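K.L.:
Okay, so here is run-v2.txt, and as you'll see once you scroll down, it has compact mmCIF, C-alpha atoms and all ligand atoms.
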```
# COMPACT_ATOMS: atom_id res chain seq x y z
CA MET C 24 69.97 149.65 69.94
CA THR C 25 66.44 148.64 69.08
CA ALA C 26 63.46 148.98 71.39
CA SER C 27 63.54 145.28 72.17
CA GLY C 28 67.22 145.66 73.18
CA SER C 29 68.78 142.66 74.84
CA GLU C 30 65.70 140.50 74.13
CA THR C 31 66.70 140.19 70.49
CA THR C 32 68.90 137.43 69.12
CA PRO C 33 72.45 138.67 68.52
CA ALA C 34 73.26 139.53 64.92
CA PRO C 35 74.90 136.63 63.05
CA GLU C 36 78.71 136.68 62.94
CA PRO C 37 80.97 135.79 60.04
CA PHE C 38 81.47 132.04 59.64
CA PRO C 39 84.83 130.85 61.05
CA THR C 40 87.73 130.79 58.61
CA ASP C 41 90.33 128.88 60.67
CA TRP C 42 89.70 125.50 59.09
CA THR C 43 90.59 123.54 55.95
CA ARG C 44 88.42 120.42 55.84
CA CYS C 45 84.63 120.32 55.76
CA LEU C 46 82.28 117.35 55.70
CA VAL C 47 78.75 118.07 54.52
CA LEU C 48 76.40 115.43 55.94
CA VAL C 49 72.86 115.39 54.53
CA ALA C 50 69.94 113.01 54.06
CA HIS C 51 69.23 113.36 50.32
CA PRO C 52 70.55 114.45 46.94
CA ASP C 53 69.78 118.16 46.45
CA ASP C 54 69.91 118.91 50.20
CA PRO C 55 73.25 120.75 49.77
CA GLU C 56 71.91 122.68 46.77
CA TYR C 57 68.75 123.82 48.55
CA GLY C 58 70.65 125.35 51.41
CA MET C 59 74.37 125.82 51.30
CA SER C 60 76.03 125.24 47.94
CA ALA C 61 76.83 128.93 47.33
CA ALA C 62 78.89 128.85 50.54
CA VAL C 63 80.51 125.58 49.47
CA ALA C 64 81.46 127.16 46.13
CA ARG C 65 83.17 129.98 47.98
CA TRP C 66 84.98 127.59 50.31
CA THR C 67 86.36 125.40 47.53
CA THR C 68 87.41 128.49 45.57
CA GLU C 69 89.37 129.54 48.65
CA GLY C 70 91.18 126.20 48.51
CA ARG C 71 89.29 124.43 51.27
CA HIS C 72 88.48 120.72 50.97
CA VAL C 73 84.79 119.79 51.05
CA VAL C 74 83.31 116.29 50.89
CA TYR C 75 79.62 115.37 50.63
CA VAL C 76 78.24 112.29 52.38
CA LEU C 77 74.56 111.57 51.81
CA ALA C 78 72.53 109.13 53.89
CA SER C 79 70.29 108.11 50.98
CA SER C 80 70.30 108.18 47.20
CA GLY C 81 66.95 109.99 47.10
CA GLU C 82 65.39 107.01 45.34
CA ALA C 83 61.86 107.80 46.60
CA GLY C 84 62.03 111.38 45.36
CA ILE C 85 60.92 111.19 41.73
CA GLU C 86 57.20 110.56 41.42
CA GLY C 87 56.32 107.87 38.92
CA MET C 88 59.89 106.54 38.72
CA ALA C 89 60.79 103.20 40.31
CA PRO C 90 63.30 103.53 43.15
CA GLU C 91 65.84 101.27 41.44
CA VAL C 92 65.80 103.63 38.45
CA ALA C 93 65.53 106.89 40.39
CA GLY C 94 68.39 106.15 42.79
CA PRO C 95 71.14 106.03 40.13
CA VAL C 96 69.61 109.03 38.31
CA ARG C 97 69.71 111.10 41.47
CA GLU C 98 73.22 109.97 42.40
CA GLU C 99 74.44 111.05 38.98
CA GLU C 100 72.65 114.41 39.24
CA GLN C 101 74.25 114.91 42.66
CA ARG C 102 77.74 114.14 41.36
CA ARG C 103 77.37 116.65 38.51
CA SER C 104 75.92 119.24 40.84
CA SER C 105 78.68 118.76 43.40
CA ALA C 106 81.40 119.09 40.75
CA ILE C 107 80.06 122.54 39.84
CA VAL C 108 80.83 123.81 43.35
CA GLY C 109 84.22 122.07 43.48
CA VAL C 110 83.22 118.93 45.38
CA THR C 111 84.54 115.77 43.76
CA GLU C 112 84.18 113.34 46.68
CA VAL C 113 80.52 112.34 47.02
CA GLU C 114 79.43 109.28 48.97
CA PHE C 115 76.03 107.64 49.40
CA LEU C 116 75.51 105.57 52.54
CA GLY C 117 72.53 103.60 51.21
CA PHE C 118 69.96 104.33 53.92
CA PRO C 119 66.34 104.21 52.71
CA ASP C 120 65.00 107.53 51.39
CA SER C 121 61.94 108.75 53.35
CA ARG C 122 62.51 106.09 56.04
CA ILE C 123 65.68 107.40 57.69
CA VAL C 124 65.78 106.63 61.41
CA ASP C 125 68.19 107.92 64.02
CA GLY C 126 69.47 104.56 65.25
CA PRO C 127 72.74 102.73 65.92
CA GLU C 128 73.31 101.76 62.28
CA LEU C 129 72.96 105.34 61.06
CA ARG C 130 75.10 106.74 63.87
CA ASP C 131 77.84 104.17 63.16
CA ALA C 132 77.84 105.16 59.49
CA VAL C 133 78.03 108.88 60.32
CA ALA C 134 80.83 108.30 62.84
CA ASP C 135 82.71 106.22 60.27
CA ALA C 136 82.39 109.02 57.69
CA ILE C 137 83.77 111.56 60.17
CA ARG C 138 86.68 109.28 61.10
CA ARG C 139 87.55 108.66 57.46
CA HIS C 140 87.34 112.27 56.28
CA ARG C 141 88.68 113.94 59.44
CA PRO C 142 86.83 117.25 58.96
CA ASP C 143 87.49 120.39 60.96
CA VAL C 144 83.90 121.46 60.26
CA VAL C 145 80.76 119.35 59.96
CA VAL C 146 77.84 120.99 58.15
CA SER C 147 74.39 119.42 57.99
CA LEU C 148 70.93 120.50 56.92
CA TYR C 149 68.45 122.17 59.26
CA SER C 150 66.89 119.54 61.56
CA GLY C 151 64.36 121.63 63.51
CA PRO C 152 60.63 120.93 63.30
CA GLU C 153 59.59 123.84 61.05
CA TRP C 154 61.40 125.92 58.43
CA ALA C 155 58.86 128.64 59.18
CA PRO C 156 55.47 128.67 60.91
CA GLY C 157 53.30 126.21 58.98
CA ALA C 158 56.23 124.86 56.92
CA PRO C 159 57.15 121.56 58.59
CA ASN C 160 60.55 119.97 58.04
CA GLN C 161 60.85 116.41 56.69
CA SER C 162 61.25 113.51 59.08
CA ASP C 163 64.42 112.34 57.27
CA HIS C 164 66.10 115.72 57.88
CA MET C 165 65.16 115.71 61.58
CA GLU C 166 66.20 112.09 62.18
CA PHE C 167 69.47 112.51 60.32
CA GLY C 168 70.31 115.77 62.10
CA ALA C 169 69.67 114.11 65.45
CA ALA C 170 72.09 111.32 64.54
CA VAL C 171 74.77 113.84 63.50
CA GLY C 172 74.37 115.64 66.82
CA THR C 173 74.75 112.47 68.87
CA VAL C 174 77.83 111.40 66.93
CA PHE C 175 79.38 114.88 67.22
CA ASP C 176 78.88 114.81 70.99
CA ASP C 177 80.21 111.24 71.31
CA LEU C 178 83.35 112.14 69.38
CA ALA C 179 83.85 115.25 71.50
CA ALA C 180 83.57 113.16 74.65
CA ALA C 181 85.93 110.49 73.31
CA ALA C 182 88.51 113.09 72.30
CA GLY C 183 88.87 113.96 75.98
CA VAL C 184 90.14 110.47 76.82
CA GLU C 185 91.54 109.15 73.53
CA SER C 186 93.91 111.77 72.16
CA GLY C 187 94.21 110.10 68.76
CA GLU C 188 90.48 110.21 68.07
CA ALA C 189 89.43 112.43 65.16
CA ARG C 190 87.24 115.25 66.28
CA PRO C 191 85.64 118.05 64.28
CA LEU C 192 85.90 121.52 65.85
CA PHE C 193 82.55 122.84 64.68
CA TRP C 194 79.11 121.58 63.81
CA PHE C 195 76.84 123.92 61.88
CA GLU C 196 73.42 123.48 60.34
CA SER C 197 72.28 125.36 57.29
CA SER C 198 69.45 127.11 59.12
CA PRO C 199 66.61 129.63 58.86
CA ASP C 200 67.73 130.87 62.31
CA PRO C 201 71.44 131.53 61.77
CA THR C 202 74.18 132.46 64.21
CA HIS C 203 76.78 132.80 61.43
CA TYR C 204 76.85 133.78 57.79
CA VAL C 205 78.98 133.34 54.69
CA VAL C 206 79.03 136.17 52.15
CA VAL C 207 78.39 134.59 48.75
CA ASP C 208 78.47 137.41 46.21
CA GLY C 209 79.99 135.98 43.06
CA PHE C 210 78.76 132.46 43.91
CA VAL C 211 74.98 132.74 43.61
CA GLU C 212 75.00 131.95 39.88
CA THR C 213 77.24 128.94 40.53
CA ALA C 214 74.73 127.71 43.10
CA VAL C 215 71.90 128.13 40.57
CA ASP C 216 73.94 126.06 38.09
CA ALA C 217 74.46 123.40 40.77
CA LEU C 218 70.78 123.09 41.70
CA ALA C 219 69.76 123.07 38.03
CA GLU C 220 71.81 119.87 37.58
CA HIS C 221 69.02 118.10 39.46
CA SER C 222 67.08 118.41 36.24
CA GLU C 223 65.17 115.12 36.22
CA TYR C 224 64.12 115.64 39.82
CA LEU C 225 63.03 119.27 39.36
CA SER C 226 61.25 118.71 36.07
CA VAL C 227 59.01 116.09 37.70
CA LEU C 228 58.60 118.12 40.90
CA ASP C 229 57.22 121.11 38.96
CA PRO C 230 56.62 120.30 35.29
CA ASP C 231 55.27 123.79 34.52
CA THR C 232 58.31 125.81 35.61
CA PRO C 233 61.61 125.53 33.74
CA VAL C 234 64.28 123.82 35.85
CA ARG C 235 66.58 126.79 35.78
CA ASP C 236 63.81 129.14 36.94
CA GLN C 237 63.01 126.81 39.82
CA ALA C 238 66.69 126.69 40.76
CA ARG C 239 67.09 130.46 40.58
CA THR C 240 64.04 131.16 42.75
CA GLN C 241 65.20 128.74 45.40
CA VAL C 242 68.84 129.83 45.50
CA GLU C 243 68.06 133.55 45.45
CA ASN C 244 65.68 132.99 48.36
CA VAL C 245 68.30 131.12 50.40
CA CYS C 246 71.02 133.66 49.61
CA ALA C 247 68.87 136.77 50.05
CA PRO C 248 70.66 139.74 51.63
CA ARG C 249 69.70 140.35 55.26
CA GLU C 250 69.10 143.75 56.68
CA GLY C 251 72.13 145.15 58.46
CA LEU C 252 74.39 142.26 57.43
CA ALA C 253 77.39 142.25 55.09
CA ASP C 254 76.48 145.59 53.47
CA GLY C 255 73.45 144.03 51.79
CA ARG C 256 75.46 141.41 49.91
CA PRO C 257 73.97 137.90 49.45
CA VAL C 258 74.66 135.58 52.39
CA VAL C 259 74.06 131.98 53.42
CA GLY C 260 73.12 131.50 57.07
CA PHE C 261 74.32 128.73 59.36
CA ARG C 262 73.55 127.95 62.96
CA ARG C 263 76.33 126.77 65.25
CA MET C 264 74.84 123.75 67.01
CA ARG C 265 77.36 123.39 69.84
CA PRO C 266 79.38 126.07 71.61
ZN ZN C 301 66.12 116.44 51.78
```
Produce structure tokens that represent the structure in this file.

P.N.:
Amino acid sequence: MTASGSETTPAPEPFPTDWTRCLVLVAHPDDPEYGMSAAVARWTTEGRHVVYVLASSGEAGIEGMAPEVAGPVREEEQRRSSAIVGVTEVEFLGFPDSRIVDGPELRDAVADAIRRHRPDVVVSLYSGPEWAPGAPNQSDHMEFGAAVGTVFDDLAAAAGVESGEARPLFWFESSPDPTHYVVVDGFVETAVDALAEHSEYLSVLDPDTPVRDQARTQVENVCAPREGLADGRPVVGFRRMRP
């Protein structure tokens, strides 16, 4: 017991394993690779079914490239990246990159994706205001996460009265403040490979650092071992968003 005792947040627990279908819902191409793809690689290797649904095609994300050119480039990079971690179903909902708004149209599209894919687990990207003090999150991530939360709650409420309604059991965010973790030793290199597939995007983002080096730095940071957790093996953290 530490000096701060019961004031401290409980240590993260292992991520649930009693599920087979996962729907990853994110705003942009590369969102899965920046946070969770090492965990996805483990899940698909275990035989679980994972689908990616992305609100936008990331068409505003490559500086100096017209959106109508960048969108298809980024979709293709996302498909290649997803395939590396065993995800072959990738959908783009066509909402405008950098102008995503939590409104009825977005919520309908998210609800439709959940009904079609019938996941046990929904995983989305961190939607809180700051990744760390002084490191603000993007508006798209916050708006999209809010929409996912509303839809999750609506489906949970509907499941109480309409027994046939599809309803995921869990909603997690890939989060800097995790309640759960997935041990990813053996999958870190796969996650580096996956992020490095976003080569056009990364090479414009930071022209001076080789794409693979950028990918490695990012993935090793996300998967860094945490003190007292999983015997010091690399982990990906998730926060359970509803009890
Ligand atoms: Zn993003």

K.L.:
Just the residues within 10 Å of range 70-80 of chain C, please, counting only C-alpha atoms, with nothing from its chain fewer than 4 positions along; format it as number ranges by chain.

P.N.:
C: 40, 42-55, 63-66, 84, 90, 93-99, 101-102, 105, 108-123, 129, 132-133, 136-137, 140, 142, 144-147, 163, 167

K.L.:
Which is closest to ligand ZN 301 (chain C) among C:Glu56, C:Glu86, C:Asp125, C:Glu36, if we use all atoms listed in the file?

P.N.:
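Once distances to ligand ZN 301 (chain C) are computed over all atoms listed in the file, the minimum belongs to C:Glu56.
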
K.L.:
For a quick check of understanding, using only C-alpha atoms, which of C:Ala134, C:Val242, C:Leu252, C:Ile85 has the smallest distance to Pro191 in chain C?

P.N.:
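Result for the nearest residue to Pro191 in chain C: C:Ala134.
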
K.L.:
Name the closest residue to ligand ZN 301 (chain C) among the candidates C:Asp41, C:Glu82, C:Glu250, C:Asp229; distances are taken between atoms, counting only C-alpha atoms and all ligand atoms.

P.N.:
C:Glu82

K.L.:
Which is closest to Asp216 in chain C among C:Gln237, C:Thr32, C:Thr68, C:Ser162, if we use all atoms listed in the file?

P.N.:
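Among the listed residues, C:Gln237 lies closest to Asp216 in chain C.
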
K.L.:
Excluding range 200-203 of chain C and its own-chain neighbours fewer than 3 positions away, which residues fall within 6 Å of it when counting only C-alpha atoms? Please give them as a PDB file with C-alpha atoms, in the coordinates of the input.

P.N.:
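Final output, saved to out-v8.pdb:
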```pdb
ATOM      1  CA  PRO C  35      74.900 136.630  63.050  1.00  0.00           C
ATOM      2  CA  GLU C  36      78.710 136.680  62.940  1.00  0.00           C
ATOM      3  CA  PRO C  37      80.970 135.790  60.040  1.00  0.00           C
ATOM      4  CA  PHE C  38      81.470 132.040  59.640  1.00  0.00           C
ATOM      5  CA  GLY C 260      73.120 131.500  57.070  1.00  0.00           C
ATOM      6  CA  PHE C 261      74.320 128.730  59.360  1.00  0.00           C
ATOM      7  CA  ARG C 262      73.550 127.950  62.960  1.00  0.00           C
TER       8      ARG C 262
END
```

K.L.:
How would you write as a list in words the residues that get within 8 Å of (69.6, 117.9, 62.1) in the file's frame, counting all atoms listed in the file?

P.N.:
Ser147, Leu148, Tyr149, Ser150, Gly151, His164, Met165, Glu166, Phe167, Gly168, Ala169, Ala170, Val171, Gly172 and Glu196 of chain C

K.L.:
Mind pulling up the distance from CA of Glu220 in chain C to CA of Ile107 in chain C?

P.N.:
9.0 Å

K.L.:
How many Å lie between CA of Arg139 in chain C and CA of Pro266 in chain C, rounded to one decimal?

P.N.:
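Calculated distance between CA of Arg139 in chain C and CA of Pro266 in chain C is 23.9 Å.
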
K.L.:
Figure out the distance between CA of Pro230 in chain C and CA of Glu91 in chain C, please, to one decimal in Å.

P.N.:
22.0 Å

K.L.:
List the spatial neighbours of Cys246 in chain C as an NGL selection string - criterion: any atom at most 6 Å away, all atoms listed in the file, same-chain residues fewer than 3 positions off excluded.

P.N.:
:C and (243 or 257-259)

K.L.:
Kindly indicate which residue among C:Ala34, C:Met88, C:Ala181, C:Ala83 lies nearest to ligand ZN 301 (chain C), using only C-alpha atoms and all ligand atoms for the distances.

P.N.:
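Of all the options, C:Ala83 lies closest to ligand ZN 301 (chain C).
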
K.L.:
Taking into account only C-alpha atoms, which residue in the set C:Glu223, C:Thr173, C:Arg141, C:Pro127 is nearest to Arg190 in chain C?

P.N.:
C:Arg141

K.L.:
For Ala219 in chain C, please output as a PyMOL selection string all residues within 6 Å (counting only C-alpha atoms; exclusion window: fewer than 5 positions along the same chain).

P.N.:
chain C and resi 234-235+238

K.L.:
Next, write the just-selected residues to a file, as a PDB file, keeping the file's coordinate frame, keeping C-alpha atoms as the atom set.

P.N.:
```
ATOM      1  CA  VAL C 234      64.280 123.820  35.850  1.00  0.00           C
ATOM      2  CA  ARG C 235      66.580 126.790  35.780  1.00  0.00           C
ATOM      3  CA  ALA C 238      66.690 126.690  40.760  1.00  0.00           C
TER       4      ALA C 238
END
```

K.L.:
Would you compute, for all listed atoms of range 45-63 of chain C, the axis-aligned bounding box grown by 8 Å on each side, and then report its centre and edge lengths in Å rounded to one decimal, as JSON?

P.N.:
```
{"center_x": 76.7, "center_y": 121.0, "center_z": 51.2, "size_x": 31.9, "size_y": 31.9, "size_z": 25.5}
```

K.L.:
Using the incomplete input, complete range 77-113 of chain C to the level of N, CA and C atoms; output as a tab-separated table (two decimals), in the coordinates of the input.

P.N.:
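Generated output (selection-v3.tsv):
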```tsv
chain	number	residue	atom	x	y	z
C	77	LEU	N	76.02	111.54	51.81
C	77	LEU	CA	74.56	111.57	51.81
C	77	LEU	C	74.02	110.25	52.37
C	78	ALA	N	73.08	110.34	53.28
C	78	ALA	CA	72.53	109.13	53.89
C	78	ALA	C	71.83	108.26	52.85
C	79	SER	N	71.07	108.89	51.96
C	79	SER	CA	70.29	108.11	50.98
C	79	SER	C	70.64	108.56	49.56
C	80	SER	N	70.13	107.81	48.60
C	80	SER	CA	70.30	108.18	47.20
C	80	SER	C	69.07	108.90	46.66
C	81	GLY	N	68.13	109.23	47.53
C	81	GLY	CA	66.95	109.99	47.10
C	81	GLY	C	66.03	109.19	46.17
C	82	GLU	N	66.07	107.87	46.31
C	82	GLU	CA	65.39	107.01	45.34
C	82	GLU	C	63.86	107.10	45.41
C	83	ALA	N	63.32	107.66	46.51
C	83	ALA	CA	61.86	107.80	46.60
C	83	ALA	C	61.39	109.17	46.11
C	84	GLY	N	62.33	109.97	45.59
C	84	GLY	CA	62.03	111.38	45.36
C	84	GLY	C	61.45	111.75	44.01
C	85	ILE	N	61.44	110.83	43.06
C	85	ILE	CA	60.92	111.19	41.73
C	85	ILE	C	59.62	110.42	41.51
C	86	GLU	N	58.53	111.17	41.53
C	86	GLU	CA	57.20	110.56	41.42
C	86	GLU	C	57.07	109.83	40.09
C	87	GLY	N	56.55	108.63	40.14
C	87	GLY	CA	56.32	107.87	38.92
C	87	GLY	C	57.55	107.12	38.43
C	88	MET	N	58.67	107.25	39.13
C	88	MET	CA	59.89	106.54	38.72
C	88	MET	C	60.24	105.51	39.79
C	89	ALA	N	60.47	104.27	39.36
C	89	ALA	CA	60.79	103.20	40.31
C	89	ALA	C	62.07	103.54	41.07
C	90	PRO	N	62.12	103.19	42.35
C	90	PRO	CA	63.30	103.53	43.15
C	90	PRO	C	64.61	103.02	42.56
C	91	GLU	N	64.58	101.82	41.96
C	91	GLU	CA	65.84	101.27	41.44
C	91	GLU	C	66.32	102.04	40.20
C	92	VAL	N	65.42	102.76	39.58
C	92	VAL	CA	65.80	103.63	38.45
C	92	VAL	C	66.18	105.01	38.99
C	93	ALA	N	65.35	105.52	39.90
C	93	ALA	CA	65.53	106.89	40.39
C	93	ALA	C	66.83	107.05	41.19
C	94	GLY	N	67.19	106.03	41.95
C	94	GLY	CA	68.39	106.15	42.79
C	94	GLY	C	69.63	106.50	41.98
C	95	PRO	N	69.96	105.70	40.95
C	95	PRO	CA	71.14	106.03	40.13
C	95	PRO	C	71.02	107.37	39.42
C	96	VAL	N	69.80	107.73	38.97
C	96	VAL	CA	69.61	109.03	38.31
C	96	VAL	C	69.97	110.15	39.29
C	97	ARG	N	69.48	110.04	40.50
C	97	ARG	CA	69.71	111.10	41.47
C	97	ARG	C	71.16	111.14	41.94
C	98	GLU	N	71.78	109.98	42.04
C	98	GLU	CA	73.22	109.97	42.40
C	98	GLU	C	74.03	110.70	41.33
C	99	GLU	N	73.70	110.42	40.07
C	99	GLU	CA	74.44	111.05	38.98
C	99	GLU	C	74.19	112.57	38.96
C	100	GLU	N	72.94	112.98	39.18
C	100	GLU	CA	72.65	114.41	39.24
C	100	GLU	C	73.43	115.07	40.39
C	101	GLN	N	73.52	114.35	41.51
C	101	GLN	CA	74.25	114.91	42.66
C	101	GLN	C	75.75	115.04	42.36
C	102	ARG	N	76.29	114.07	41.68
C	102	ARG	CA	77.74	114.14	41.36
C	102	ARG	C	78.02	115.32	40.43
C	103	ARG	N	77.16	115.52	39.43
C	103	ARG	CA	77.37	116.65	38.51
C	103	ARG	C	77.20	117.97	39.24
C	104	SER	N	76.20	118.03	40.07
C	104	SER	CA	75.92	119.24	40.84
C	104	SER	C	77.09	119.58	41.78
C	105	SER	N	77.58	118.57	42.45
C	105	SER	CA	78.68	118.76	43.40
C	105	SER	C	79.93	119.26	42.68
C	106	ALA	N	80.20	118.70	41.50
C	106	ALA	CA	81.40	119.09	40.75
C	106	ALA	C	81.37	120.58	40.42
C	107	ILE	N	80.18	121.12	40.19
C	107	ILE	CA	80.06	122.54	39.84
C	107	ILE	C	80.53	123.44	40.97
C	108	VAL	N	80.36	122.99	42.22
C	108	VAL	CA	80.83	123.81	43.35
C	108	VAL	C	82.16	123.29	43.90
C	109	GLY	N	82.86	122.47	43.10
C	109	GLY	CA	84.22	122.07	43.48
C	109	GLY	C	84.30	120.89	44.43
C	110	VAL	N	83.22	120.10	44.50
C	110	VAL	CA	83.22	118.93	45.38
C	110	VAL	C	83.28	117.68	44.50
C	111	THR	N	84.37	116.95	44.61
C	111	THR	CA	84.54	115.77	43.76
C	111	THR	C	84.40	114.46	44.54
C	112	GLU	N	84.41	114.54	45.87
C	112	GLU	CA	84.18	113.34	46.68
C	112	GLU	C	82.73	113.37	47.17
C	113	VAL	N	81.94	112.43	46.67
C	113	VAL	CA	80.52	112.34	47.02
C	113	VAL	C	80.22	110.89	47.36
```
